[in-house]
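Q: Right, I'll just put the structure down here and ask away after.
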2 protein chains.
Amino acid sequence: MGEKGRPEVAGDEELHPLPGAGTGKVVCLACPARDSFLCSGFEDDELKHLAARATRFSLARGKTLILEGDPADNVYNIIEGDVVLSRIASDGRRQILGFLSKGDFIGLTLSEEYSFSAEALTEARLCRFDRRSLEELVERFPGVDRQIRRMGAATIDHLLDLVFALGRKTAEERVASFLHHQAHKQGCCLDPTKELRLAMTRADIADYLGLTLETVSRTISRFKRDGLIEMPSTNRILIKDLDGLTQRAEAETI
Amino acid sequence: MGEKGRPEVAGDEELHPLPGAGTGKVVCLACPARDSFLCSGFEDDELKHLAARATRFSLARGKTLILEGDPADNVYNIIEGDVVLSRIASDGRRQILGFLSKGDFIGLTLSEEYSFSAEALTEARLCRFDRRSLEELVERFPGVDRQIRRMGAATIDHLLDLVFALGRKTAEERVASFLHHQAHKQGCCLDPTKELRLAMTRADIADYLGLTLETVSRTISRFKRDGLIEMPSTNRILIKDLDGLTQRAEAETI
DNA sequence: CGATTCGTTGATCCCCATCAAATGGAGTGG
DNA sequence: CCACTCCATTTGATGGGGATCAACGAATCG
C-alpha cells in the first residue's frame, strides 16, 4: 500500500471470499443486491456459480476502490453503501461522473485501464469479479449477458441526462434536477414526509453538476427561502413543493 | 409523413431489404461497415443470417431518422455518412449527444422510447434491425452479444469524456479537444498534410460542446490567428501545430 | 440577382466563478 | 459544561468568461 502516493486504498485484509459451489449456504441468496442487474441474471439455484467467482469485501468511508489509470482487471457490484466515480485533471479540477449505490455496477469499459477513480462515500460493501470470471459466467449463463447489456444501456441513459444538464441547463435547473432525481431514487416523491438524505457534500454535488460549491449552496438556500424545501440539517432535506422543484428543473426535453 | 409537425422524416419508399438467407449474394460481405462492432460479431459464412434481418436504406441530408419520444423499436447501424444525435428542450435549447459515422450503432437504450433524436448530417446509408430480430441474432450467435456489450462500453467511455469536458473544461479547451478528436478520428494526426473536414456547422459544434456558435467561431479564429491551424475554407481545417492544439485541450486527466 | 443560410466580428451584459469572511455543528479535551 | 479546533456550509463582494444582441461578410441556391 501507499506506493506512489496513492490515496488511502482499501487493504486486502478486508477481503473474504464467498461460500462457493461446494457445501455451505450461498450468501448471494440473502444479498441485499440480489435483484441488481447483474445478479438477477441468475436463477436461485444458479447463484452458487456466481458466488464461487465473487469476492465480497467492505470499504471504509473515504477509501479508494479504483484509481484512475489502474488496469481494468476487475468489475464490482455494490451490495450496500454509496460510491462515487470521478475524474480529476492534473490541475485539480474534478468531475464526478456518477453517484452509485446498491445494485450498481462498476467497471463497464472497453479500455485496458480505468478512466475514472472510485471512492466510498459511505461505509460500503461490494462484490468483486475479475474480468475472466465474468466472461466465463456470461458464456455459461445467457441471461447474464442480457443483464450486462441492460446495465450498459441504463448507464448510457443516465449519462445522456447528465450531458444535457451540463451542456444546457442553468445552475438552478441543475440543482433542482439533482434534488428531484435523488428524491425519486430515495422514494421521497411518493411519500412527502420522507426526508431526503444526501450522503455527499456540497463540493461533491458541485463537482457532479459542473458548478462550484458556493453556487450549489446559494441555490439550495434559495430553494429553502422560497419554501420549496426544508432542511432539518444540512444533509437532510424535506421536499415541501415537489411541483415547484420540478418546474425549476425544467428544460423539460420535448 | 408530416403529422403533428414532425421535421422532415425519411420516407419508407427509400427502403429496400437486403438479399437474405436465400440465394443471391450477401451484400453484407462487401459492406463498408463490415468491420463495425455489430457486424464483426459474425463470421463471413454467417452473414446471411444478419442480412436476412437487416433492411438497408438511405437517408438524405437533414432528414430525421428518430424523433425523441418515438417508440424504441429499432436499432440502426451506420454504413456510410454522418448522423447526429441530439436532445432538445421545449424552449429550444439543444444538446448534441454525439456525432456518429460509419460503423456506429444507434439505439442502445433501456427505455421504451428514444430519449434523443437522430438526424442525417450528410447523405447517409444505414441498416435497420427491429429489436426482436436483434434479440434472435444474439441468442443464436454468442459473438454478437459480446460485440453489443463492447459497443455499449465504447459509448460509455465516450460519454464520460464528454461529461468531463462539459463539466470542467473551458471553452478553449473544449474546442481544442473537439478538433483534436476529429483530427484523430480522420487520421490527420499521422499525416499532417491531410486536412480535417467538418461535416457539422458551428452551431452543431456549439450544441455539442455546451457553448454558443459565436464562442466556437471566435475560438477557432483565435487558433487560426495563433498559427495552430489553417482554414482553406470554413469547414476544412489543416492542423499546423498539433502539439499546440493538444496543449490548449489540456485539462489532461491525471 | 435577391433570398437564405452560415460564419465572423464587435459591443455589452450577466450568470456564475472567485476571493473572502462569518457561521454552525461535531468532536475533543480540560 | 465550556473552550477550542476542525471542517462543511453559508453568505457577501467583486470580477471575468462566455452569452446575448447586433451587424456585417461570404457562400449557396432558386
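Following the order of the C-alpha cells, chains are lettered A, B, ..., residues in each are numbered from 1, and ligands are numbered from 1.
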Can you list, as an MDAnalysis selection string, every residue of segment 8-151 of chain B that DSSP puts in alpha helix (DSSP H)?
A: chainID B and resid 47:53 131:140 142:151
Q: Can you write just those residues out, C-alpha atoms, as a PDB file, in the first residue's frame?
A:
ATOM      1  CA  LEU B  47     -23.503 -13.037 -42.577  1.00  0.00           C
ATOM      2  CA  LYS B  48     -26.534 -14.234 -44.491  1.00  0.00           C
ATOM      3  CA  HIS B  49     -28.350 -14.562 -41.195  1.00  0.00           C
ATOM      4  CA  LEU B  50     -27.533 -10.981 -40.399  1.00  0.00           C
ATOM      5  CA  ALA B  51     -28.542  -9.842 -43.857  1.00  0.00           C
ATOM      6  CA  ALA B  52     -31.873 -11.645 -43.638  1.00  0.00           C
ATOM      7  CA  ARG B  53     -32.880  -9.478 -40.709  1.00  0.00           C
ATOM      8  CA  ARG B 131     -35.286  -5.232 -31.635  1.00  0.00           C
ATOM      9  CA  ARG B 132     -36.842  -8.660 -31.814  1.00  0.00           C
ATOM     10  CA  SER B 133     -34.643  -9.639 -34.734  1.00  0.00           C
ATOM     11  CA  LEU B 134     -31.588  -8.443 -32.936  1.00  0.00           C
ATOM     12  CA  GLU B 135     -32.559 -10.458 -29.881  1.00  0.00           C
ATOM     13  CA  GLU B 136     -32.859 -13.561 -32.079  1.00  0.00           C
ATOM     14  CA  LEU B 137     -29.439 -12.925 -33.525  1.00  0.00           C
ATOM     15  CA  VAL B 138     -27.936 -12.522 -30.098  1.00  0.00           C
ATOM     16  CA  GLU B 139     -29.367 -15.831 -28.938  1.00  0.00           C
ATOM     17  CA  ARG B 140     -28.133 -17.660 -31.998  1.00  0.00           C
ATOM     18  CA  PRO B 142     -22.938 -15.538 -28.977  1.00  0.00           C
ATOM     19  CA  GLY B 143     -20.310 -13.322 -30.573  1.00  0.00           C
ATOM     20  CA  VAL B 144     -22.884 -10.672 -31.322  1.00  0.00           C
ATOM     21  CA  ASP B 145     -23.752 -10.140 -27.768  1.00  0.00           C
ATOM     22  CA  ARG B 146     -20.174  -9.613 -26.856  1.00  0.00           C
ATOM     23  CA  GLN B 147     -19.954  -7.026 -29.595  1.00  0.00           C
ATOM     24  CA  ILE B 148     -23.032  -5.267 -28.334  1.00  0.00           C
ATOM     25  CA  ARG B 149     -21.511  -5.099 -24.895  1.00  0.00           C
ATOM     26  CA  ARG B 150     -18.360  -3.674 -26.406  1.00  0.00           C
ATOM     27  CA  MET B 151     -20.361  -1.039 -28.238  1.00  0.00           C
TER      28      MET B 151
END
Q: For DT28 of chain D, please output as a PyMOL selection string all residues within 10 Å (counting only C-alpha atoms (C1' of nucleotides); exclusion window: fewer than 4 positions along the same chain).
A: chain C and resi 4-6
Q: Please save C-alpha atoms (C1' of nucleotides) of the selected residues as a PDB file, in the first residue's frame.
A:
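Listing of out-v6.pdb after writing:
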ATOM      1  C1'  DT C   4     -31.303  32.375 -47.476  1.00  0.00           C
ATOM      2  C1'  DT C   5     -28.189  30.245 -44.565  1.00  0.00           C
ATOM      3  C1'  DC C   6     -23.729  30.138 -42.378  1.00  0.00           C
TER       4       DC C   6
END
Q: Near segment 168-178 of chain A, within 6 Å and counting only C-alpha atoms (C1' of nucleotides), which residues show up once chain neighbours fewer than 6 positions away are dropped, as a PyMOL selection string?
A: chain A and resi 245+248-249
Q: Would you save the residues of that selection, restricted to C-alpha atoms, as a CSV table (one decimal), in the first residue's frame?
A:
chain,number,residue,atom,x,y,z
A,245,LEU,CA,-39.0,21.9,-7.7
A,248,ARG,CA,-37.3,24.8,-11.6
A,249,ALA,CA,-35.7,21.7,-13.0
Q: For each of B:Gly244, B:Gly167, B:Pro32, B:Gly103, take the minimum atom-to-atom distance to chain A, counting only C-alpha atoms, then give the residue where this is smallest.
A: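 Checking each candidate against chain A, we get B:Gly167 as the closest.
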Q: Residues of chain A no more than 9 Å from chain B, counting only C-alpha atoms: send them over as a VMD selection string.
A: chain A and resid 68 to 69 87 to 97 108 to 111 115 to 116 139 142 145 to 146 148 to 157 159 to 160 162 to 169 207 to 211 250 to 254
Q: Contacts from chain B to chain C, 10 Å maximum, only C-alpha atoms (C1' of nucleotides): show me the residue list as a PyMOL selection string.
A: chain B and resi 201-203+213-214+217-218+221+234
Q: Limited to N, CA, C and O atoms, could you put the picked residues into a file as an mmCIF file, in the first residue's frame?
A:
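Okay, again33.cif is ready:
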data_model
loop_
_atom_site.group_PDB
_atom_site.id
_atom_site.type_symbol
_atom_site.label_atom_id
_atom_site.label_comp_id
_atom_site.auth_asym_id
_atom_site.auth_seq_id
_atom_site.Cartn_x
_atom_site.Cartn_y
_atom_site.Cartn_z
ATOM 1 N N THR B 201 -21.970 22.160 -38.717
ATOM 2 C CA THR B 201 -21.866 23.618 -38.692
ATOM 3 C C THR B 201 -21.286 24.066 -37.346
ATOM 4 O O THR B 201 -21.176 23.280 -36.412
ATOM 5 N N ARG B 202 -20.985 25.362 -37.259
ATOM 6 C CA ARG B 202 -20.504 25.920 -35.989
ATOM 7 C C ARG B 202 -21.580 25.768 -34.905
ATOM 8 O O ARG B 202 -21.260 25.528 -33.738
ATOM 9 N N ALA B 203 -22.820 25.904 -35.315
ATOM 10 C CA ALA B 203 -23.912 25.761 -34.340
ATOM 11 C C ALA B 203 -23.966 24.334 -33.811
ATOM 12 O O ALA B 203 -24.229 24.113 -32.622
ATOM 13 N N LEU B 213 -22.585 29.395 -30.796
ATOM 14 C CA LEU B 213 -21.844 29.338 -32.053
ATOM 15 C C LEU B 213 -20.842 30.482 -32.143
ATOM 16 O O LEU B 213 -19.765 30.335 -32.736
ATOM 17 N N GLU B 214 -21.159 31.612 -31.524
ATOM 18 C CA GLU B 214 -20.214 32.735 -31.550
ATOM 19 C C GLU B 214 -18.925 32.377 -30.822
ATOM 20 O O GLU B 214 -17.826 32.686 -31.307
ATOM 21 N N SER B 217 -16.916 30.022 -32.954
ATOM 22 C CA SER B 217 -16.319 30.738 -34.082
ATOM 23 C C SER B 217 -15.121 31.568 -33.625
ATOM 24 O O SER B 217 -14.041 31.535 -34.241
ATOM 25 N N ARG B 218 -15.296 32.316 -32.561
ATOM 26 C CA ARG B 218 -14.207 33.133 -32.022
ATOM 27 C C ARG B 218 -13.010 32.266 -31.642
ATOM 28 O O ARG B 218 -11.857 32.633 -31.898
ATOM 29 N N SER B 221 -11.232 31.046 -34.664
ATOM 30 C CA SER B 221 -10.494 32.174 -35.249
ATOM 31 C C SER B 221 -9.199 32.428 -34.488
ATOM 32 O O SER B 221 -8.156 32.715 -35.087
ATOM 33 N N THR B 234 -14.283 27.286 -44.683
ATOM 34 C CA THR B 234 -14.779 27.240 -43.309
ATOM 35 C C THR B 234 -14.888 25.839 -42.724
ATOM 36 O O THR B 234 -14.803 25.678 -41.512
#
Q: Just need the residues of chain D within 12 Å of chain A, counting only C-alpha atoms (C1' of nucleotides), so spit them out as a PDB file with all heavy atoms, in the first residue's frame.
A:
ATOM      1  P    DC D   7      -9.491  19.563   9.311  1.00  0.00           P
ATOM      2  OP1  DC D   7      -8.842  18.269   9.049  1.00  0.00           O
ATOM      3  OP2  DC D   7      -8.790  20.844   9.034  1.00  0.00           O
ATOM      4  O5'  DC D   7     -10.880  19.574   8.536  1.00  0.00           O
ATOM      5  C5'  DC D   7     -11.920  18.715   8.987  1.00  0.00           C
ATOM      6  C4'  DC D   7     -13.242  19.277   8.588  1.00  0.00           C
ATOM      7  O4'  DC D   7     -13.591  20.400   9.422  1.00  0.00           O
ATOM      8  C3'  DC D   7     -13.309  19.791   7.142  1.00  0.00           C
ATOM      9  O3'  DC D   7     -14.383  19.140   6.510  1.00  0.00           O
ATOM     10  C2'  DC D   7     -13.552  21.292   7.282  1.00  0.00           C
ATOM     11  C1'  DC D   7     -14.291  21.327   8.621  1.00  0.00           C
ATOM     12  N1   DC D   7     -14.279  22.631   9.310  1.00  0.00           N
ATOM     13  C2   DC D   7     -15.458  23.082   9.922  1.00  0.00           C
ATOM     14  O2   DC D   7     -16.459  22.375   9.877  1.00  0.00           O
ATOM     15  N3   DC D   7     -15.453  24.277  10.552  1.00  0.00           N
ATOM     16  C4   DC D   7     -14.338  25.014  10.575  1.00  0.00           C
ATOM     17  N4   DC D   7     -14.388  26.183  11.220  1.00  0.00           N
ATOM     18  C5   DC D   7     -13.133  24.582   9.948  1.00  0.00           C
ATOM     19  C6   DC D   7     -13.144  23.393   9.327  1.00  0.00           C
ATOM     20  P    DA D   8     -14.585  19.212   4.956  1.00  0.00           P
ATOM     21  OP1  DA D   8     -14.361  17.856   4.419  1.00  0.00           O
ATOM     22  OP2  DA D   8     -13.836  20.369   4.432  1.00  0.00           O
ATOM     23  O5'  DA D   8     -16.138  19.516   4.854  1.00  0.00           O
ATOM     24  C5'  DA D   8     -17.035  18.791   5.683  1.00  0.00           C
ATOM     25  C4'  DA D   8     -18.324  19.576   5.815  1.00  0.00           C
ATOM     26  O4'  DA D   8     -18.074  20.741   6.638  1.00  0.00           O
ATOM     27  C3'  DA D   8     -18.891  20.089   4.498  1.00  0.00           C
ATOM     28  O3'  DA D   8     -20.286  19.826   4.462  1.00  0.00           O
ATOM     29  C2'  DA D   8     -18.572  21.577   4.504  1.00  0.00           C
ATOM     30  C1'  DA D   8     -18.552  21.899   5.999  1.00  0.00           C
ATOM     31  N9   DA D   8     -17.650  22.991   6.362  1.00  0.00           N
ATOM     32  C8   DA D   8     -16.325  23.118   6.042  1.00  0.00           C
ATOM     33  N7   DA D   8     -15.767  24.205   6.510  1.00  0.00           N
ATOM     34  C5   DA D   8     -16.792  24.836   7.187  1.00  0.00           C
ATOM     35  C6   DA D   8     -16.847  26.039   7.919  1.00  0.00           C
ATOM     36  N6   DA D   8     -15.806  26.852   8.082  1.00  0.00           N
ATOM     37  N1   DA D   8     -18.030  26.374   8.476  1.00  0.00           N
ATOM     38  C2   DA D   8     -19.089  25.565   8.309  1.00  0.00           C
ATOM     39  N3   DA D   8     -19.157  24.399   7.647  1.00  0.00           N
ATOM     40  C4   DA D   8     -17.962  24.099   7.107  1.00  0.00           C
ATOM     41  P    DT D   9     -21.121  20.189   3.175  1.00  0.00           P
ATOM     42  OP1  DT D   9     -22.256  19.264   3.172  1.00  0.00           O
ATOM     43  OP2  DT D   9     -20.230  20.296   2.001  1.00  0.00           O
ATOM     44  O5'  DT D   9     -21.667  21.645   3.509  1.00  0.00           O
ATOM     45  C5'  DT D   9     -22.393  21.844   4.721  1.00  0.00           C
ATOM     46  C4'  DT D   9     -22.638  23.309   4.939  1.00  0.00           C
ATOM     47  O4'  DT D   9     -21.395  23.975   5.211  1.00  0.00           O
ATOM     48  C3'  DT D   9     -23.242  24.057   3.739  1.00  0.00           C
ATOM     49  O3'  DT D   9     -24.584  24.390   4.088  1.00  0.00           O
ATOM     50  C2'  DT D   9     -22.344  25.291   3.565  1.00  0.00           C
ATOM     51  C1'  DT D   9     -21.580  25.325   4.877  1.00  0.00           C
ATOM     52  N1   DT D   9     -20.230  25.963   4.837  1.00  0.00           N
ATOM     53  C2   DT D   9     -20.040  27.141   5.527  1.00  0.00           C
ATOM     54  O2   DT D   9     -20.916  27.701   6.174  1.00  0.00           O
ATOM     55  N3   DT D   9     -18.770  27.653   5.445  1.00  0.00           N
ATOM     56  C4   DT D   9     -17.695  27.109   4.754  1.00  0.00           C
ATOM     57  O4   DT D   9     -16.587  27.659   4.760  1.00  0.00           O
ATOM     58  C5   DT D   9     -17.965  25.881   4.059  1.00  0.00           C
ATOM     59  C7   DT D   9     -16.860  25.211   3.290  1.00  0.00           C
ATOM     60  C6   DT D   9     -19.208  25.372   4.139  1.00  0.00           C
ATOM     61  P    DT D  10     -25.524  25.127   3.077  1.00  0.00           P
ATOM     62  OP1  DT D  10     -26.908  24.748   3.423  1.00  0.00           O
ATOM     63  OP2  DT D  10     -25.018  24.952   1.709  1.00  0.00           O
ATOM     64  O5'  DT D  10     -25.331  26.663   3.488  1.00  0.00           O
ATOM     65  C5'  DT D  10     -25.517  27.048   4.838  1.00  0.00           C
ATOM     66  C4'  DT D  10     -25.082  28.488   5.019  1.00  0.00           C
ATOM     67  O4'  DT D  10     -23.656  28.591   4.845  1.00  0.00           O
ATOM     68  C3'  DT D  10     -25.694  29.484   4.028  1.00  0.00           C
ATOM     69  O3'  DT D  10     -26.405  30.461   4.781  1.00  0.00           O
ATOM     70  C2'  DT D  10     -24.499  30.075   3.284  1.00  0.00           C
ATOM     71  C1'  DT D  10     -23.365  29.831   4.255  1.00  0.00           C
ATOM     72  N1   DT D  10     -21.989  29.685   3.663  1.00  0.00           N
ATOM     73  C2   DT D  10     -21.020  30.573   4.021  1.00  0.00           C
ATOM     74  O2   DT D  10     -21.199  31.494   4.792  1.00  0.00           O
ATOM     75  N3   DT D  10     -19.790  30.339   3.432  1.00  0.00           N
ATOM     76  C4   DT D  10     -19.469  29.318   2.558  1.00  0.00           C
ATOM     77  O4   DT D  10     -18.328  29.208   2.100  1.00  0.00           O
ATOM     78  C5   DT D  10     -20.541  28.426   2.222  1.00  0.00           C
ATOM     79  C7   DT D  10     -20.305  27.282   1.278  1.00  0.00           C
ATOM     80  C6   DT D  10     -21.741  28.650   2.783  1.00  0.00           C
ATOM     81  P    DT D  11     -27.462  31.428   4.100  1.00  0.00           P
ATOM     82  OP1  DT D  11     -28.457  31.781   5.118  1.00  0.00           O
ATOM     83  OP2  DT D  11     -27.858  30.850   2.814  1.00  0.00           O
ATOM     84  O5'  DT D  11     -26.585  32.726   3.804  1.00  0.00           O
ATOM     85  C5'  DT D  11     -25.896  33.342   4.885  1.00  0.00           C
ATOM     86  C4'  DT D  11     -24.908  34.345   4.359  1.00  0.00           C
ATOM     87  O4'  DT D  11     -23.746  33.658   3.843  1.00  0.00           O
ATOM     88  C3'  DT D  11     -25.421  35.234   3.208  1.00  0.00           C
ATOM     89  O3'  DT D  11     -25.464  36.569   3.675  1.00  0.00           O
ATOM     90  C2'  DT D  11     -24.396  35.018   2.089  1.00  0.00           C
ATOM     91  C1'  DT D  11     -23.190  34.477   2.843  1.00  0.00           C
ATOM     92  N1   DT D  11     -22.257  33.639   2.071  1.00  0.00           N
ATOM     93  C2   DT D  11     -20.916  33.940   2.116  1.00  0.00           C
ATOM     94  O2   DT D  11     -20.456  34.856   2.751  1.00  0.00           O
ATOM     95  N3   DT D  11     -20.121  33.102   1.360  1.00  0.00           N
ATOM     96  C4   DT D  11     -20.525  32.028   0.605  1.00  0.00           C
ATOM     97  O4   DT D  11     -19.724  31.355  -0.011  1.00  0.00           O
ATOM     98  C5   DT D  11     -21.953  31.771   0.596  1.00  0.00           C
ATOM     99  C7   DT D  11     -22.503  30.637  -0.206  1.00  0.00           C
ATOM    100  C6   DT D  11     -22.737  32.584   1.325  1.00  0.00           C
ATOM    101  P    DG D  12     -25.979  37.770   2.764  1.00  0.00           P
ATOM    102  OP1  DG D  12     -26.723  38.715   3.624  1.00  0.00           O
ATOM    103  OP2  DG D  12     -26.613  37.195   1.575  1.00  0.00           O
ATOM    104  O5'  DG D  12     -24.601  38.462   2.324  1.00  0.00           O
ATOM    105  C5'  DG D  12     -23.647  38.829   3.329  1.00  0.00           C
ATOM    106  C4'  DG D  12     -22.407  39.411   2.676  1.00  0.00           C
ATOM    107  O4'  DG D  12     -21.591  38.330   2.168  1.00  0.00           O
ATOM    108  C3'  DG D  12     -22.678  40.345   1.491  1.00  0.00           C
ATOM    109  O3'  DG D  12     -21.892  41.527   1.654  1.00  0.00           O
ATOM    110  C2'  DG D  12     -22.228  39.548   0.288  1.00  0.00           C
ATOM    111  C1'  DG D  12     -21.108  38.682   0.884  1.00  0.00           C
ATOM    112  N9   DG D  12     -20.831  37.456   0.164  1.00  0.00           N
ATOM    113  C8   DG D  12     -21.702  36.446  -0.133  1.00  0.00           C
ATOM    114  N7   DG D  12     -21.160  35.452  -0.787  1.00  0.00           N
ATOM    115  C5   DG D  12     -19.831  35.835  -0.932  1.00  0.00           C
ATOM    116  C6   DG D  12     -18.741  35.170  -1.545  1.00  0.00           C
ATOM    117  O6   DG D  12     -18.743  34.083  -2.111  1.00  0.00           O
ATOM    118  N1   DG D  12     -17.562  35.912  -1.472  1.00  0.00           N
ATOM    119  C2   DG D  12     -17.450  37.131  -0.874  1.00  0.00           C
ATOM    120  N2   DG D  12     -16.249  37.704  -0.890  1.00  0.00           N
ATOM    121  N3   DG D  12     -18.458  37.768  -0.280  1.00  0.00           N
ATOM    122  C4   DG D  12     -19.619  37.064  -0.351  1.00  0.00           C
TER     123       DG D  12
END
Q: Rounded to one decimal in Å, what is the spacing between atom CA of Cys39 of chain A and atom CA of Asn74 of chain B?
A: 27.3 Å
Q: Rounded to one decimal, what separation in Å do you get between atom CA of Lys240 of chain B and atom CA of Leu100 of chain B?
A: 25.8 Å
Q: What is the atom CA of Leu85 of chain B to atom CA of Ala118 of chain B distance in Å?
A: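 Atom-to-atom, atom CA of Leu85 of chain B to atom CA of Ala118 of chain B, that is 4.5 Å.
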Q: Write down as a list in words the residues of segment 127-215 of chain A whose backbone DSSP state falls under strand (DSSP E or B).
A: Cys127, Arg128, Phe129, Asp130, Leu196 and Arg197 of chain A
Q: With all heavy atoms retained, write the just-selected residues as a PDB file, in the first residue's frame.
A:
ATOM      1  N   CYS A 127     -18.992  -6.553  -4.185  1.00  0.00           N
ATOM      2  CA  CYS A 127     -18.579  -7.840  -4.703  1.00  0.00           C
ATOM      3  C   CYS A 127     -17.613  -7.596  -5.845  1.00  0.00           C
ATOM      4  O   CYS A 127     -17.884  -6.770  -6.721  1.00  0.00           O
ATOM      5  CB  CYS A 127     -19.783  -8.624  -5.240  1.00  0.00           C
ATOM      6  SG  CYS A 127     -20.290  -9.961  -4.179  1.00  0.00           S
ATOM      7  N   ARG A 128     -16.507  -8.312  -5.818  1.00  0.00           N
ATOM      8  CA  ARG A 128     -15.523  -8.170  -6.883  1.00  0.00           C
ATOM      9  C   ARG A 128     -15.512  -9.424  -7.748  1.00  0.00           C
ATOM     10  O   ARG A 128     -15.575 -10.532  -7.260  1.00  0.00           O
ATOM     11  CB  ARG A 128     -14.139  -7.955  -6.268  1.00  0.00           C
ATOM     12  CG  ARG A 128     -13.000  -8.027  -7.276  1.00  0.00           C
ATOM     13  CD  ARG A 128     -11.659  -7.930  -6.586  1.00  0.00           C
ATOM     14  NE  ARG A 128     -11.522  -6.623  -5.963  1.00  0.00           N
ATOM     15  CZ  ARG A 128     -10.688  -6.343  -4.963  1.00  0.00           C
ATOM     16  NH1 ARG A 128      -9.895  -7.284  -4.491  1.00  0.00           N
ATOM     17  NH2 ARG A 128     -10.625  -5.131  -4.455  1.00  0.00           N
ATOM     18  N   PHE A 129     -15.432  -9.209  -9.079  1.00  0.00           N
ATOM     19  CA  PHE A 129     -15.209 -10.295 -10.030  1.00  0.00           C
ATOM     20  C   PHE A 129     -14.044  -9.902 -10.904  1.00  0.00           C
ATOM     21  O   PHE A 129     -13.935  -8.750 -11.312  1.00  0.00           O
ATOM     22  CB  PHE A 129     -16.412 -10.470 -10.961  1.00  0.00           C
ATOM     23  CG  PHE A 129     -17.703 -10.742 -10.254  1.00  0.00           C
ATOM     24  CD1 PHE A 129     -18.438  -9.701  -9.721  1.00  0.00           C
ATOM     25  CD2 PHE A 129     -18.182 -12.026 -10.134  1.00  0.00           C
ATOM     26  CE1 PHE A 129     -19.640  -9.936  -9.069  1.00  0.00           C
ATOM     27  CE2 PHE A 129     -19.378 -12.266  -9.481  1.00  0.00           C
ATOM     28  CZ  PHE A 129     -20.103 -11.225  -8.951  1.00  0.00           C
ATOM     29  N   ASP A 130     -13.168 -10.865 -11.208  1.00  0.00           N
ATOM     30  CA  ASP A 130     -12.201 -10.488 -12.239  1.00  0.00           C
ATOM     31  C   ASP A 130     -12.870 -10.698 -13.594  1.00  0.00           C
ATOM     32  O   ASP A 130     -13.824 -11.449 -13.742  1.00  0.00           O
ATOM     33  CB  ASP A 130     -10.882 -11.246 -12.081  1.00  0.00           C
ATOM     34  CG  ASP A 130     -11.001 -12.711 -12.371  1.00  0.00           C
ATOM     35  OD1 ASP A 130     -11.352 -13.064 -13.514  1.00  0.00           O
ATOM     36  OD2 ASP A 130     -10.757 -13.501 -11.435  1.00  0.00           O
ATOM     37  N   LEU A 196     -35.133  13.438   2.454  1.00  0.00           N
ATOM     38  CA  LEU A 196     -34.029  13.072   1.576  1.00  0.00           C
ATOM     39  C   LEU A 196     -32.733  13.168   2.365  1.00  0.00           C
ATOM     40  O   LEU A 196     -32.500  14.137   3.079  1.00  0.00           O
ATOM     41  CB  LEU A 196     -34.032  14.070   0.426  1.00  0.00           C
ATOM     42  CG  LEU A 196     -33.008  13.985  -0.677  1.00  0.00           C
ATOM     43  CD1 LEU A 196     -33.096  12.656  -1.384  1.00  0.00           C
ATOM     44  CD2 LEU A 196     -33.263  15.116  -1.664  1.00  0.00           C
ATOM     45  N   ARG A 197     -31.883  12.147   2.227  1.00  0.00           N
ATOM     46  CA  ARG A 197     -30.584  12.191   2.894  1.00  0.00           C
ATOM     47  C   ARG A 197     -29.477  12.239   1.854  1.00  0.00           C
ATOM     48  O   ARG A 197     -29.378  11.385   0.988  1.00  0.00           O
ATOM     49  CB  ARG A 197     -30.395  10.951   3.772  1.00  0.00           C
ATOM     50  CG  ARG A 197     -31.268  11.011   4.999  1.00  0.00           C
ATOM     51  CD  ARG A 197     -31.124   9.776   5.864  1.00  0.00           C
ATOM     52  NE  ARG A 197     -31.810   9.989   7.132  1.00  0.00           N
ATOM     53  CZ  ARG A 197     -31.252  10.574   8.189  1.00  0.00           C
ATOM     54  NH1 ARG A 197     -29.991  10.984   8.129  1.00  0.00           N
ATOM     55  NH2 ARG A 197     -31.929  10.753   9.292  1.00  0.00           N
TER      56      ARG A 197
END
